[in-house]
file query_2.cif (mmCIF, C-alpha atoms)
data_start
#
loop_
_atom_site.group_PDB
_atom_site.id
_atom_site.type_symbol
_atom_site.label_atom_id
_atom_site.label_comp_id
_atom_site.auth_asym_id
_atom_site.auth_seq_id
_atom_site.Cartn_x
_atom_site.Cartn_y
_atom_site.Cartn_z
ATOM 1 C CA MET A 1 -31.089 -36.747 -18.723
ATOM 2 C CA SER A 2 -32.995 -36.690 -22.001
ATOM 3 C CA LEU A 3 -33.101 -39.023 -24.935
ATOM 4 C CA HIS A 4 -32.439 -37.615 -28.397
ATOM 5 C CA ASN A 5 -32.852 -39.397 -31.704
ATOM 6 C CA ARG A 6 -32.471 -39.283 -35.474
ATOM 7 C CA LEU A 7 -35.500 -41.412 -36.179
ATOM 8 C CA LYS A 8 -37.096 -38.808 -38.444
ATOM 9 C CA GLU A 9 -33.976 -38.680 -40.622
ATOM 10 C CA TYR A 10 -33.785 -42.452 -40.887
ATOM 11 C CA ARG A 11 -37.503 -42.660 -41.644
ATOM 12 C CA ALA A 12 -37.078 -40.050 -44.388
ATOM 13 C CA LYS A 13 -34.242 -42.134 -45.869
ATOM 14 C CA LEU A 14 -36.558 -45.140 -45.970
ATOM 15 C CA ASP A 15 -39.242 -42.883 -47.501
ATOM 16 C CA ILE A 16 -42.025 -44.152 -45.259
ATOM 17 C CA ASN A 17 -44.542 -42.328 -43.077
ATOM 18 C CA GLN A 18 -45.018 -42.752 -39.335
ATOM 19 C CA GLN A 19 -47.911 -45.148 -39.868
ATOM 20 C CA GLU A 20 -45.792 -47.480 -41.978
ATOM 21 C CA MET A 21 -42.839 -47.263 -39.588
ATOM 22 C CA GLY A 22 -45.191 -48.077 -36.727
ATOM 23 C CA ARG A 23 -46.591 -51.061 -38.604
ATOM 24 C CA ARG A 24 -43.097 -52.392 -39.311
ATOM 25 C CA VAL A 25 -41.942 -52.204 -35.686
ATOM 26 C CA GLY A 26 -45.279 -53.127 -34.069
ATOM 27 C CA ALA A 27 -46.072 -49.698 -32.656
ATOM 28 C CA SER A 28 -48.730 -47.087 -33.296
ATOM 29 C CA ARG A 29 -48.293 -43.984 -35.462
ATOM 30 C CA GLN A 30 -48.746 -41.916 -32.332
ATOM 31 C CA THR A 31 -45.832 -43.675 -30.595
ATOM 32 C CA ILE A 32 -43.499 -43.067 -33.520
ATOM 33 C CA SER A 33 -44.536 -39.408 -33.540
ATOM 34 C CA LEU A 34 -43.857 -39.068 -29.787
ATOM 35 C CA ILE A 35 -40.455 -40.750 -30.117
ATOM 36 C CA GLU A 36 -39.456 -38.441 -32.965
ATOM 37 C CA ARG A 37 -40.421 -35.399 -30.921
ATOM 38 C CA GLY A 38 -38.447 -36.712 -27.936
ATOM 39 C CA ASP A 39 -41.616 -36.939 -25.823
ATOM 40 C CA TYR A 40 -41.381 -40.685 -25.306
ATOM 41 C CA SER A 41 -38.406 -42.933 -24.552
ATOM 42 C CA PRO A 42 -39.002 -46.339 -26.135
ATOM 43 C CA SER A 43 -38.286 -49.613 -24.369
ATOM 44 C CA VAL A 44 -35.087 -51.493 -25.257
ATOM 45 C CA THR A 45 -37.131 -53.949 -27.313
ATOM 46 C CA LEU A 46 -38.785 -51.210 -29.367
ATOM 47 C CA ALA A 47 -35.505 -49.314 -29.787
ATOM 48 C CA LEU A 48 -33.865 -52.519 -31.103
ATOM 49 C CA LYS A 49 -36.759 -53.132 -33.507
ATOM 50 C CA ILE A 50 -36.526 -49.551 -34.793
ATOM 51 C CA ALA A 51 -32.755 -49.819 -35.221
ATOM 52 C CA LYS A 52 -33.123 -53.095 -37.107
ATOM 53 C CA GLU A 53 -35.758 -51.584 -39.401
ATOM 54 C CA CYS A 54 -33.527 -48.576 -40.088
ATOM 55 C CA GLY A 55 -30.496 -50.782 -40.735
ATOM 56 C CA ALA A 56 -28.471 -49.026 -38.052
ATOM 57 C CA SER A 57 -27.393 -49.587 -34.479
ATOM 58 C CA VAL A 58 -29.399 -48.297 -31.537
ATOM 59 C CA GLU A 59 -26.587 -45.835 -30.715
ATOM 60 C CA ASP A 60 -26.754 -44.398 -34.256
ATOM 61 C CA ILE A 61 -30.399 -43.494 -33.762
ATOM 62 C CA PHE A 62 -30.686 -42.852 -30.038
ATOM 63 C CA TRP A 63 -28.363 -41.064 -27.637
ATOM 64 C CA TYR A 64 -28.873 -39.336 -24.347
ATOM 65 C CA VAL A 65 -27.655 -36.001 -23.093
ATOM 66 C CA GLU A 66 -27.061 -35.236 -19.419
ATOM 67 C CA ASP A 67 -29.099 -32.284 -18.129
ATOM 68 C CA GLY A 68 -27.239 -29.015 -18.595
ATOM 69 C CA ASN A 69 -25.090 -30.383 -21.440
ATOM 70 C CA GLU A 70 -27.657 -29.873 -24.189
ATOM 71 C CA MET B 1 -31.385 -32.262 2.711
ATOM 72 C CA ASN B 2 -30.526 -35.361 4.778
ATOM 73 C CA ARG B 3 -32.986 -38.157 5.449
ATOM 74 C CA ASN B 4 -33.692 -37.198 9.077
ATOM 75 C CA ARG B 5 -34.568 -33.635 8.192
ATOM 76 C CA LYS B 6 -36.737 -34.815 5.309
ATOM 77 C CA GLU B 7 -38.632 -37.155 7.630
ATOM 78 C CA LYS B 8 -39.102 -34.394 10.232
ATOM 79 C CA LYS B 9 -40.382 -32.061 7.514
ATOM 80 C CA GLY B 10 -42.812 -34.781 6.400
ATOM 81 C CA TYR B 11 -44.181 -35.179 9.970
ATOM 82 C CA LEU B 12 -44.531 -31.407 10.288
ATOM 83 C CA GLU B 13 -46.425 -31.171 6.997
ATOM 84 C CA PHE B 14 -48.717 -33.997 8.083
ATOM 85 C CA MET B 15 -49.454 -32.247 11.399
ATOM 86 C CA ILE B 16 -50.169 -28.954 9.606
ATOM 87 C CA ILE B 17 -52.595 -30.675 7.200
ATOM 88 C CA ILE B 18 -54.422 -32.342 10.118
ATOM 89 C CA LEU B 19 -54.620 -29.042 12.049
ATOM 90 C CA VAL B 20 -55.798 -26.993 9.063
ATOM 91 C CA SER B 21 -58.373 -29.661 8.075
ATOM 92 C CA GLY B 22 -59.594 -29.831 11.689
ATOM 93 C CA LEU B 23 -59.860 -26.056 11.858
ATOM 94 C CA PHE B 24 -61.799 -25.789 8.606
ATOM 95 C CA GLY B 25 -63.977 -28.795 9.480
ATOM 96 C CA GLY B 26 -64.692 -27.392 12.950
ATOM 97 C CA VAL B 27 -65.553 -23.915 11.701
ATOM 98 C CA GLY B 28 -67.654 -25.407 8.885
ATOM 99 C CA ALA B 29 -69.568 -27.657 11.288
ATOM 100 C CA LEU B 30 -70.077 -24.715 13.682
ATOM 101 C CA VAL B 31 -71.447 -22.501 10.910
ATOM 102 C CA ILE B 32 -73.711 -25.252 9.559
ATOM 103 C CA GLY B 33 -74.815 -26.179 13.091
ATOM 104 C CA ASP B 34 -75.607 -22.552 13.857
ATOM 105 C CA HIS B 35 -77.642 -22.164 10.687
ATOM 106 C CA GLY B 36 -79.178 -25.626 10.746
ATOM 107 C CA ARG B 37 -82.615 -24.521 9.609
ATOM 108 C CA ASP B 38 -81.186 -22.370 6.812
ATOM 109 C CA VAL B 39 -79.091 -25.277 5.537
ATOM 110 C CA GLU B 40 -82.078 -27.603 5.684
ATOM 111 C CA GLU B 41 -84.207 -25.109 3.808
ATOM 112 C CA LEU B 42 -81.481 -24.533 1.264
ATOM 113 C CA GLY B 43 -81.136 -28.301 0.809
ATOM 114 C CA ARG B 44 -84.900 -28.681 0.312
ATOM 115 C CA PHE B 45 -84.941 -25.767 -2.112
ATOM 116 C CA LEU B 46 -82.031 -27.204 -4.152
ATOM 117 C CA GLU B 47 -83.589 -30.664 -4.150
ATOM 118 C CA SER B 48 -86.863 -29.248 -5.344
ATOM 119 C CA VAL B 49 -85.180 -27.212 -8.103
ATOM 120 C CA ILE B 50 -83.029 -30.138 -9.264
ATOM 121 C CA GLY B 51 -85.863 -32.648 -8.867
ATOM 122 C CA ARG B 52 -88.392 -30.607 -10.787
ATOM 123 C CA GLY B 53 -85.828 -29.435 -13.308
ATOM 124 C CA ALA B 54 -84.398 -32.930 -13.912
ATOM 125 C CA PHE B 55 -87.202 -33.874 -16.283
ATOM 126 C CA TYR B 56 -86.749 -30.782 -18.456
ATOM 127 C CA LEU B 57 -82.964 -31.160 -18.296
ATOM 128 C CA ILE B 58 -83.203 -34.747 -19.534
ATOM 129 C CA VAL B 59 -85.472 -33.661 -22.401
ATOM 130 C CA LEU B 60 -83.074 -30.836 -23.253
ATOM 131 C CA MET B 61 -79.935 -32.944 -22.932
ATOM 132 C CA SER B 62 -81.364 -35.824 -24.950
ATOM 133 C CA ILE B 63 -82.334 -33.539 -27.814
ATOM 134 C CA LEU B 64 -79.257 -31.297 -27.795
ATOM 135 C CA GLY B 65 -76.944 -34.227 -26.966
ATOM 136 C CA SER B 66 -78.303 -36.290 -29.861
ATOM 137 C CA ILE B 67 -77.799 -33.400 -32.287
ATOM 138 C CA ALA B 68 -74.281 -32.827 -30.898
ATOM 139 C CA ASN B 69 -73.508 -36.547 -31.297
ATOM 140 C CA ILE B 70 -74.575 -36.439 -34.952
ATOM 141 C CA TYR B 71 -72.442 -33.347 -35.516
ATOM 142 C CA MET B 72 -69.387 -34.876 -33.815
ATOM 143 C CA VAL B 73 -69.645 -38.194 -35.653
ATOM 144 C CA MET B 74 -70.146 -36.451 -39.007
ATOM 145 C CA SER B 75 -67.259 -34.023 -38.450
ATOM 146 C CA VAL B 76 -64.859 -36.820 -37.429
ATOM 147 C CA ARG B 77 -65.897 -38.849 -40.473
ATOM 148 C CA LYS B 78 -65.379 -35.830 -42.729
ATOM 149 C CA LYS B 79 -61.935 -35.142 -41.258
ATOM 150 C CA CYS B 80 -60.995 -38.802 -41.744
ATOM 151 C CA ARG B 81 -62.252 -38.750 -45.339
ATOM 152 C CA ASP B 82 -60.241 -35.596 -46.073
ATOM 153 C CA TRP B 83 -57.062 -37.067 -44.570
ATOM 154 C CA ASP B 84 -54.721 -38.256 -47.291
ATOM 155 C CA GLY B 85 -53.299 -41.055 -45.150
ATOM 156 C CA GLU B 86 -49.842 -39.469 -45.243
ATOM 157 C CA ASP B 87 -49.852 -36.239 -43.227
ATOM 158 C CA ASP B 88 -48.897 -37.259 -39.687
ATOM 159 C CA GLU B 89 -49.700 -33.888 -38.113
ATOM 160 C CA ILE B 90 -53.257 -33.886 -39.445
ATOM 161 C CA ALA B 91 -53.677 -37.484 -38.283
ATOM 162 C CA GLU B 92 -52.683 -36.402 -34.795
ATOM 163 C CA GLN B 93 -55.177 -33.514 -34.839
ATOM 164 C CA ILE B 94 -57.990 -35.829 -35.972
ATOM 165 C CA GLU B 95 -57.150 -38.341 -33.227
ATOM 166 C CA LYS B 96 -57.165 -35.621 -30.571
ATOM 167 C CA TYR B 97 -60.512 -34.312 -31.832
ATOM 168 C CA ASN B 98 -61.946 -37.828 -31.943
ATOM 169 C CA ASN B 99 -60.809 -38.512 -28.350
ATOM 170 C CA ARG B 100 -62.375 -35.269 -27.134
ATOM 171 C CA CYS B 101 -65.660 -36.093 -28.872
ATOM 172 C CA GLN B 102 -65.706 -39.513 -27.185
ATOM 173 C CA GLY B 103 -65.022 -37.843 -23.818
ATOM 174 C CA ILE B 104 -67.873 -35.341 -24.299
ATOM 175 C CA ILE B 105 -70.313 -38.116 -25.273
ATOM 176 C CA THR B 106 -69.367 -40.180 -22.197
ATOM 177 C CA CYS B 107 -69.758 -37.163 -19.870
ATOM 178 C CA CYS B 108 -73.163 -36.232 -21.321
ATOM 179 C CA ALA B 109 -74.370 -39.841 -20.989
ATOM 180 C CA THR B 110 -73.211 -39.919 -17.340
ATOM 181 C CA ILE B 111 -74.960 -36.623 -16.499
ATOM 182 C CA THR B 112 -78.177 -37.878 -18.112
ATOM 183 C CA MET B 113 -77.905 -41.094 -16.079
ATOM 184 C CA VAL B 114 -77.620 -39.108 -12.828
ATOM 185 C CA LEU B 115 -80.529 -36.848 -13.832
ATOM 186 C CA SER B 116 -82.707 -39.850 -14.620
ATOM 187 C CA GLY B 117 -81.903 -41.216 -11.132
ATOM 188 C CA VAL B 118 -83.028 -37.915 -9.590
ATOM 189 C CA ASN B 119 -86.131 -38.007 -11.750
ATOM 190 C CA ILE B 120 -86.988 -41.548 -10.670
ATOM 191 C CA VAL B 121 -86.668 -40.507 -7.001
ATOM 192 C CA TYR B 122 -89.074 -37.680 -7.701
ATOM 193 C CA ALA B 123 -91.405 -39.947 -9.603
ATOM 194 C CA PHE B 124 -91.709 -42.568 -6.875
ATOM 195 C CA HIS B 125 -91.355 -40.522 -3.705
ATOM 196 C CA ARG B 126 -92.529 -37.043 -4.654
ATOM 197 C CA ALA B 127 -95.495 -35.959 -6.676
ATOM 198 C CA GLN B 128 -94.858 -36.263 -10.398
ATOM 199 C CA SER B 129 -97.182 -37.269 -13.197
ATOM 200 C CA LEU B 130 -96.901 -40.669 -14.890
ATOM 201 C CA PRO B 131 -96.558 -39.326 -18.463
ATOM 202 C CA ASN B 132 -93.416 -37.503 -17.322
ATOM 203 C CA ILE B 133 -91.859 -40.759 -16.113
ATOM 204 C CA VAL B 134 -92.700 -42.570 -19.339
ATOM 205 C CA VAL B 135 -91.282 -39.746 -21.479
ATOM 206 C CA MET B 136 -88.173 -39.476 -19.294
ATOM 207 C CA SER B 137 -87.498 -43.235 -19.327
ATOM 208 C CA THR B 138 -87.971 -43.453 -23.096
ATOM 209 C CA LEU B 139 -85.699 -40.472 -23.729
ATOM 210 C CA PHE B 140 -83.073 -41.780 -21.328
ATOM 211 C CA VAL B 141 -82.975 -45.238 -22.956
ATOM 212 C CA LEU B 142 -82.955 -43.836 -26.497
ATOM 213 C CA TYR B 143 -80.254 -41.269 -25.697
ATOM 214 C CA SER B 144 -78.069 -43.857 -23.913
ATOM 215 C CA LEU B 145 -78.347 -46.194 -26.907
ATOM 216 C CA TRP B 146 -77.533 -43.349 -29.291
ATOM 217 C CA CYS B 147 -74.490 -42.404 -27.173
ATOM 218 C CA ALA B 148 -73.241 -46.004 -27.226
ATOM 219 C CA PHE B 149 -73.740 -46.180 -30.986
ATOM 220 C CA SER B 150 -72.045 -42.793 -31.535
ATOM 221 C CA GLU B 151 -69.026 -43.959 -29.559
ATOM 222 C CA HIS B 152 -69.002 -47.131 -31.641
ATOM 223 C CA LEU B 153 -68.924 -45.031 -34.828
ATOM 224 C CA LEU B 154 -66.080 -42.884 -33.474
ATOM 225 C CA VAL B 155 -64.094 -45.959 -32.434
ATOM 226 C CA GLU B 156 -64.569 -47.349 -35.944
ATOM 227 C CA GLN B 157 -63.043 -44.142 -37.342
ATOM 228 C CA THR B 158 -60.044 -44.559 -35.011
ATOM 229 C CA LYS B 159 -59.704 -48.138 -36.255
ATOM 230 C CA LYS B 160 -59.772 -46.955 -39.868
ATOM 231 C CA MET B 161 -56.895 -44.572 -39.151
ATOM 232 C CA ASN B 162 -55.042 -47.130 -37.023
ATOM 233 C CA PRO B 163 -55.617 -50.541 -38.607
ATOM 234 C CA GLU B 164 -53.714 -52.298 -35.786
ATOM 235 C CA LYS B 165 -56.477 -51.402 -33.313
ATOM 236 C CA LYS B 166 -58.987 -54.111 -32.434
ATOM 237 C CA GLY B 167 -62.292 -54.321 -30.597
ATOM 238 C CA ASN B 168 -65.956 -53.592 -31.093
ATOM 239 C CA ALA B 169 -67.177 -50.722 -28.878
ATOM 240 C CA LEU B 170 -70.566 -52.439 -28.522
ATOM 241 C CA SER B 171 -69.011 -55.709 -27.363
ATOM 242 C CA LEU B 172 -68.595 -56.694 -23.701
ATOM 243 C CA HIS B 173 -64.951 -57.559 -24.405
ATOM 244 C CA PHE B 174 -64.152 -54.180 -25.933
ATOM 245 C CA ASN B 175 -61.734 -52.989 -23.234
ATOM 246 C CA ARG B 176 -59.822 -56.284 -23.243
ATOM 247 C CA ASP B 177 -59.518 -56.335 -27.047
ATOM 248 C CA TRP B 178 -58.673 -52.638 -27.275
ATOM 249 C CA VAL B 179 -55.949 -52.691 -24.609
ATOM 250 C CA GLY B 180 -54.594 -55.883 -26.175
ATOM 251 C CA SER B 181 -54.077 -54.054 -29.471
ATOM 252 C CA CYS B 182 -52.338 -51.052 -27.885
ATOM 253 C CA ASP B 183 -48.558 -50.734 -27.898
ATOM 254 C CA GLU B 184 -46.243 -50.031 -24.932
ATOM 255 C CA GLN B 185 -46.576 -46.231 -25.078
ATOM 256 C CA GLU B 186 -50.372 -46.308 -25.261
ATOM 257 C CA LYS B 187 -50.595 -48.813 -22.398
ATOM 258 C CA ALA B 188 -48.183 -46.760 -20.259
ATOM 259 C CA ARG B 189 -50.264 -43.645 -20.950
ATOM 260 C CA MET B 190 -53.519 -45.406 -20.076
ATOM 261 C CA TYR B 191 -52.104 -46.833 -16.842
ATOM 262 C CA GLU B 192 -50.653 -43.469 -15.857
ATOM 263 C CA ALA B 193 -53.976 -41.737 -16.482
ATOM 264 C CA ALA B 194 -55.771 -44.440 -14.476
ATOM 265 C CA TYR B 195 -53.338 -43.955 -11.590
ATOM 266 C CA ILE B 196 -53.933 -40.188 -11.609
ATOM 267 C CA VAL B 197 -57.680 -40.877 -11.388
ATOM 268 C CA TYR B 198 -57.072 -43.335 -8.508
ATOM 269 C CA LYS B 199 -54.865 -40.875 -6.641
ATOM 270 C CA ASN B 200 -57.251 -37.936 -7.070
ATOM 271 C CA SER B 201 -60.290 -39.969 -6.101
ATOM 272 C CA PHE B 202 -58.831 -40.043 -2.562
ATOM 273 C CA VAL B 203 -59.048 -36.252 -2.396
ATOM 274 C CA LEU B 204 -62.588 -36.345 -3.795
ATOM 275 C CA TYR B 205 -63.797 -39.060 -1.395
ATOM 276 C CA THR B 206 -62.213 -37.314 1.594
ATOM 277 C CA GLY B 207 -63.879 -34.054 0.541
ATOM 278 C CA ILE B 208 -67.268 -35.762 0.155
ATOM 279 C CA PHE B 209 -66.830 -37.509 3.526
ATOM 280 C CA ILE B 210 -65.995 -34.250 5.357
ATOM 281 C CA PHE B 211 -68.855 -32.446 3.593
ATOM 282 C CA MET B 212 -71.320 -35.166 4.592
ATOM 283 C CA LEU B 213 -70.050 -35.112 8.187
ATOM 284 C CA MET B 214 -70.571 -31.358 8.376
ATOM 285 C CA LEU B 215 -73.979 -31.657 6.743
ATOM 286 C CA THR B 216 -75.053 -34.299 9.269
ATOM 287 C CA VAL B 217 -74.734 -31.698 12.025
ATOM 288 C CA ALA B 218 -77.605 -29.738 10.485
ATOM 289 C CA VAL B 219 -79.589 -32.192 8.344
ATOM 290 C CA ASP B 220 -80.454 -35.865 8.728
ATOM 291 C CA ILE B 221 -79.020 -37.293 5.523
ATOM 292 C CA GLY B 222 -79.315 -40.891 6.740
ATOM 293 C CA VAL B 223 -76.646 -43.595 6.722
ATOM 294 C CA LEU B 224 -76.970 -44.611 3.060
ATOM 295 C CA PRO B 225 -74.611 -41.917 1.652
ATOM 296 C CA PHE B 226 -71.897 -42.999 4.138
ATOM 297 C CA LEU B 227 -72.408 -46.663 3.303
ATOM 298 C CA ILE B 228 -72.260 -46.032 -0.455
ATOM 299 C CA LEU B 229 -69.111 -43.959 -0.104
ATOM 300 C CA GLY B 230 -67.549 -46.657 2.104
ATOM 301 C CA ILE B 231 -68.384 -49.407 -0.408
ATOM 302 C CA ILE B 232 -66.951 -47.450 -3.374
ATOM 303 C CA TRP B 233 -63.815 -46.442 -1.464
ATOM 304 C CA THR B 234 -63.124 -49.945 -0.089
ATOM 305 C CA PHE B 235 -63.866 -51.594 -3.438
ATOM 306 C CA GLN B 236 -61.420 -49.276 -5.180
ATOM 307 C CA ASN B 237 -58.652 -49.894 -2.628
ATOM 308 C CA VAL B 238 -59.080 -53.668 -2.656
ATOM 309 C CA LEU B 239 -59.195 -53.741 -6.452
ATOM 310 C CA TYR B 240 -56.035 -51.624 -6.656
ATOM 311 C CA MET B 241 -54.148 -53.831 -4.179
ATOM 312 C CA CYS B 242 -55.222 -57.058 -5.912
ATOM 313 C CA SER B 243 -54.324 -55.708 -9.364
ATOM 314 C CA TYR B 244 -50.964 -54.483 -8.082
ATOM 315 C CA GLU B 245 -50.129 -57.885 -6.576
ATOM 316 C CA LYS B 246 -51.260 -59.655 -9.750
ATOM 317 C CA LYS B 247 -48.960 -57.498 -11.885
ATOM 318 C CA ARG B 248 -45.873 -58.485 -9.861
#
call {"tool": "encode", "arguments": {"input": "query_2.cif", "output": "structure tokens"}}
result
Amino acid sequence: MSLHNRLKEYRAKLDINQQEMGRRVGASRQTISLIERGDYSPSVTLALKIAKECGASVEDIFWYVEDGNE
Amino acid sequence: MNRNRKEKKGYLEFMIIILVSGLFGGVGALVIGDHGRDVEELGRFLESVIGRGAFYLIVLMSILGSIANIYMVMSVRKKCRDWDGEDDEIAEQIEKYNNRCQGIITCCATITMVLSGVNIVYAFHRAQSLPNIVVMSTLFVLYSLWCAFSEHLLVEQTKKMNPEKKGNALSLHFNRDWVGSCDEQEKARMYEAAYIVYKNSFVLYTGIFIFMLMLTVAVDIGVLPFLILGIIWTFQNVLYMCSYEKKR
């Protein structure tokens, strides 16, 4: 099972860099970068903060795909 | 595979590890025991080479290490200056480079510390001139201070790139402040890395213990190495258990 996301698209819509996104949601630039690349699955709290900042629901930004269905 | 079969396989693996370790340990002890004098002579030769060479190695490491520190600090500062504050990929590269530089500085400082210990043993218990000890001690102190200051400068660069980070590398509360300013991903990464170190230290300590046991067959290494290993090992286990319980 792997977590996919559209964070990069939403961040581009907001026209902010990873540093700024990190500052807004209380995370580091590195964390935002890892989330965007799918290398880190954020906690529920962080996912909710990101969704709120993007003006979308968590499901709009994050979704998971069962292994073998990718 | 059902649970019973898994358990049986686990027991079998455990027995194989014990048998193979016993076999290697036994053969090793036999070989060392058979060549006791050779091992003793080799030990004395190595001790003499390391002991006599420690002074020159400290001089070399202090000079080369100091130059390398200057280069690393300057190159990180240059990379940070050149960064436009926008390009995330470049920021990542700079952070990786900065982390590696900090790792190299810490390793060099640790090696110099060990070498100075060897040198002090030679100074007090073997024949070595006093000027050597004075030069070595001065170089060791100066290099250690320079390493600490270099790390401080590199940490400051990280803080410039990541304004949310807190802590002064020269302060006693640095680790507390730094971890406090890290987010969930950074903390998880740190804890995972620390656990890998903890897990692998078991392999290292077991290896050292077996090596010392085999060495004892041929050479009288005294009880101090066993005691030191025991203290470190027990301290680590107790600290891990206490920290684990505290985190519940």
call {"tool": "interface_residues", "arguments": {"input": "query_2.cif", "of": "chain B", "to": "chain A", "cutoff": "7 Å", "atoms": "only C-alpha atoms", "output": "VMD selection string"}}
result
chain B and resid 86 88 183 185
call {"tool": "write_last_selection", "arguments": {"input": "query_2.cif", "atoms": "C-alpha atoms", "output": "CSV table (one decimal), keeping the file's coordinate frame"}}
result
chain,number,residue,atom,x,y,z
B,86,GLU,CA,-49.8,-39.5,-45.2
B,88,ASP,CA,-48.9,-37.3,-39.7
B,183,ASP,CA,-48.6,-50.7,-27.9
B,185,GLN,CA,-46.6,-46.2,-25.1
call {"tool": "residues_around", "arguments": {"input": "query_2.cif", "residues": "Met136 of chain B", "least_positions_apart": "4", "cutoff": "7 Å", "atoms": "all atoms listed in the file", "output": "ChimeraX atom specification"}}
result
/B:55,58,132,140
call {"tool": "atom_distance", "arguments": {"input": "query_2.cif", "atom1": "atom CA of Val25 of chain A", "atom2": "atom CA of Ile50 of chain A"}}
result
6.1 Å
call {"tool": "residues_around", "arguments": {"input": "query_2.cif", "residues": "segment 105-118 of chain B", "least_positions_apart": "3", "cutoff": "6 Å", "atoms": "all atoms listed in the file", "output": "number ranges by chain"}}
result
B: 54, 102, 121
call {"tool": "resolve_selection", "arguments": {"input": "query_2.cif", "expression": "the PyMOL selection byres ((chain A and resi 53) around 10)", "output": "PDB file with C-alpha atoms, keeping the file's coordinate frame"}}
result
ATOM      1  CA  TYR A  10     -33.785 -42.452 -40.887  1.00  0.00           C
ATOM      2  CA  ARG A  11     -37.503 -42.660 -41.644  1.00  0.00           C
ATOM      3  CA  LEU A  14     -36.558 -45.140 -45.970  1.00  0.00           C
ATOM      4  CA  MET A  21     -42.839 -47.263 -39.588  1.00  0.00           C
ATOM      5  CA  ARG A  24     -43.097 -52.392 -39.311  1.00  0.00           C
ATOM      6  CA  VAL A  25     -41.942 -52.204 -35.686  1.00  0.00           C
ATOM      7  CA  ALA A  47     -35.505 -49.314 -29.787  1.00  0.00           C
ATOM      8  CA  LEU A  48     -33.865 -52.519 -31.103  1.00  0.00           C
ATOM      9  CA  LYS A  49     -36.759 -53.132 -33.507  1.00  0.00           C
ATOM     10  CA  ILE A  50     -36.526 -49.551 -34.793  1.00  0.00           C
ATOM     11  CA  ALA A  51     -32.755 -49.819 -35.221  1.00  0.00           C
ATOM     12  CA  LYS A  52     -33.123 -53.095 -37.107  1.00  0.00           C
ATOM     13  CA  CYS A  54     -33.527 -48.576 -40.088  1.00  0.00           C
ATOM     14  CA  GLY A  55     -30.496 -50.782 -40.735  1.00  0.00           C
ATOM     15  CA  ALA A  56     -28.471 -49.026 -38.052  1.00  0.00           C
ATOM     16  CA  SER A  57     -27.393 -49.587 -34.479  1.00  0.00           C
TER      17      SER A  57
END
call {"tool": "atom_distance", "arguments": {"input": "query_2.cif", "atom1": "atom CA of Ser243 of chain B", "atom2": "atom CA of Lys165 of chain B"}}
result
24.4 Å
call {"tool": "axis_aligned_box", "arguments": {"input": "query_2.cif", "around": "segment 20-24 of chain A", "padding_each_side": "6 Å", "output": "lines of an AutoDock Vina configuration file"}}
result
center_x = -44.7
center_y = -49.8
center_z = -39.4
size_x = 15.8
size_y = 17.1
size_z = 17.3
